[in-house]
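Have a look at protein-v2.txt; it's compact mmCIF, C-alpha atoms:
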```txt
# COMPACT_ATOMS: atom_id res chain seq x y z
CA MET A 228 11.82 -115.45 41.75
CA HIS A 229 8.45 -116.08 43.37
CA VAL A 230 5.36 -116.77 41.29
CA SER A 231 1.95 -117.19 42.81
CA LEU A 232 -0.93 -118.99 41.20
CA ASP A 233 -4.55 -119.05 42.29
CA ALA A 234 -5.48 -122.53 43.56
CA ALA A 235 -8.28 -122.96 41.02
CA ASP A 236 -5.93 -122.00 38.20
CA ALA A 237 -3.30 -124.43 39.49
CA VAL A 238 -5.85 -127.26 39.49
CA GLU A 239 -7.00 -126.41 35.97
CA LEU A 240 -3.42 -126.25 34.72
CA GLY A 241 -2.62 -129.57 36.39
CA GLU A 242 -5.69 -131.17 34.82
CA ILE A 243 -4.77 -130.05 31.30
CA LEU A 244 -1.21 -131.32 31.77
CA ALA A 245 -2.53 -134.68 32.96
CA PHE A 246 -4.95 -134.78 30.01
CA LEU A 247 -2.13 -134.11 27.54
CA SER A 248 0.03 -136.79 29.10
CA ASP A 249 -2.79 -139.35 28.90
CA TRP A 250 -3.52 -138.34 25.30
CA LEU A 251 0.12 -138.82 24.31
CA LEU A 252 -0.01 -142.29 25.85
CA SER A 253 -3.15 -143.23 23.90
CA ASP A 254 -1.48 -143.77 20.50
CA PRO A 255 2.30 -143.52 20.85
CA ASN A 256 3.16 -144.75 17.35
CA ARG A 257 1.09 -142.22 15.46
CA LEU A 258 1.70 -139.39 17.92
CA ASP A 259 5.45 -140.05 18.00
CA ALA A 260 5.61 -139.61 14.21
CA SER A 261 3.49 -136.47 14.44
CA HIS A 262 5.73 -135.10 17.21
CA TYR A 263 8.84 -135.36 15.07
CA GLU A 264 7.07 -134.03 12.00
CA PHE A 265 5.83 -131.01 13.97
CA LEU A 266 9.29 -130.32 15.36
CA GLY A 267 10.91 -130.79 11.98
CA THR A 268 13.35 -133.28 13.46
CA PRO A 269 13.89 -136.35 11.30
CA ASP A 270 15.92 -138.13 13.99
CA PRO A 271 13.90 -139.24 17.05
CA THR A 272 17.08 -139.20 19.13
CA GLY A 273 17.88 -135.62 18.16
CA PRO A 274 17.98 -132.58 20.42
CA ALA A 275 14.20 -132.08 20.41
CA GLY A 276 13.68 -134.96 22.84
CA THR A 277 11.39 -137.94 22.71
CA LEU A 278 7.68 -138.28 23.29
CA ASP A 279 8.49 -140.18 26.49
CA GLU A 280 10.57 -137.24 27.73
CA LEU A 281 7.71 -134.86 26.95
CA ARG A 282 5.27 -137.09 28.85
CA ALA A 283 7.67 -137.27 31.81
CA ASP A 284 7.79 -133.48 31.95
CA LEU A 285 4.00 -133.19 31.72
CA ASP A 286 3.59 -135.81 34.46
CA ARG A 287 6.10 -134.07 36.71
CA PHE A 288 4.38 -130.69 36.40
CA ALA A 289 0.91 -132.21 36.84
CA GLU A 290 2.12 -134.02 39.95
CA MET A 291 3.50 -130.79 41.40
CA LEU A 292 0.20 -129.00 40.81
CA LEU A 293 -2.34 -131.62 41.87
CA GLY A 294 -0.67 -134.86 42.86
CA TYR A 295 -1.37 -136.47 39.47
CA ASN A 296 -0.08 -140.02 39.21
CA PRO A 297 0.06 -141.44 35.67
CA ALA A 298 -0.27 -144.94 37.11
CA ASP A 299 -3.81 -143.96 38.12
CA SER A 300 -4.66 -143.10 34.50
CA GLN A 301 -7.67 -144.74 32.88
CA LEU A 302 -5.62 -145.84 29.85
```
Can you give me the file's structure in the form of structure tokens?
Amino acid sequence: MHVSLDAADAVELGEILAFLSDWLLSDPNRLDASHYEFLGTPDPTGPAGTLDELRADLDRFAEMLLGYNPADSQL
């Protein structure tokens, strides 16, 4: 399957992914609890995944789209 994406749209998508990743890093304790509450998963090691796994996915997609490097983050 081939999917094409306009360059401007790819940049915008990459920027929002990077923003979300940085936001999740900003307050991991509170956001981790909110993550599990939202998913309805009482066990952080359950099948829903961890906040760190979610951030890793966001970082990977942002890197593919615009070369985002979380180490360059302002946080």
statement: A straight line from CA of Asp233 in chain A to CA of Ala289 in chain A spans 15.3 Å
Nearby residues (all atoms listed in the file) at most 6 Å from range 247-253 of chain A, same-chain spacing under 3 positions excluded, as a PyMOL selection string: chain A and resi 244+282+285
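Here CA of Gly276 in chain A stands at a distance of 21.6 Å from CA of Met291 in chain A.
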- prompt: Using only C-alpha atoms, which residues sit within 8 Å of range 254-260 of chain A once same-chain residues fewer than 4 positions away are excluded, as JSON, numbers by chain?
  reply: {"A": [250, 264, 277, 278]}
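Among the candidates A:Ala245, A:Leu240, A:Ala235, A:Met228, the one nearest to Leu281 in chain A when counting all atoms listed in the file is A:Ala245.
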query: Is there a way to get, as number ranges by chain, all residues within 12 Å of the point (0.7, -134.6, 39.8) in file coordinates, counting all atoms listed in the file?
result: A: 237-246, 248, 283-300
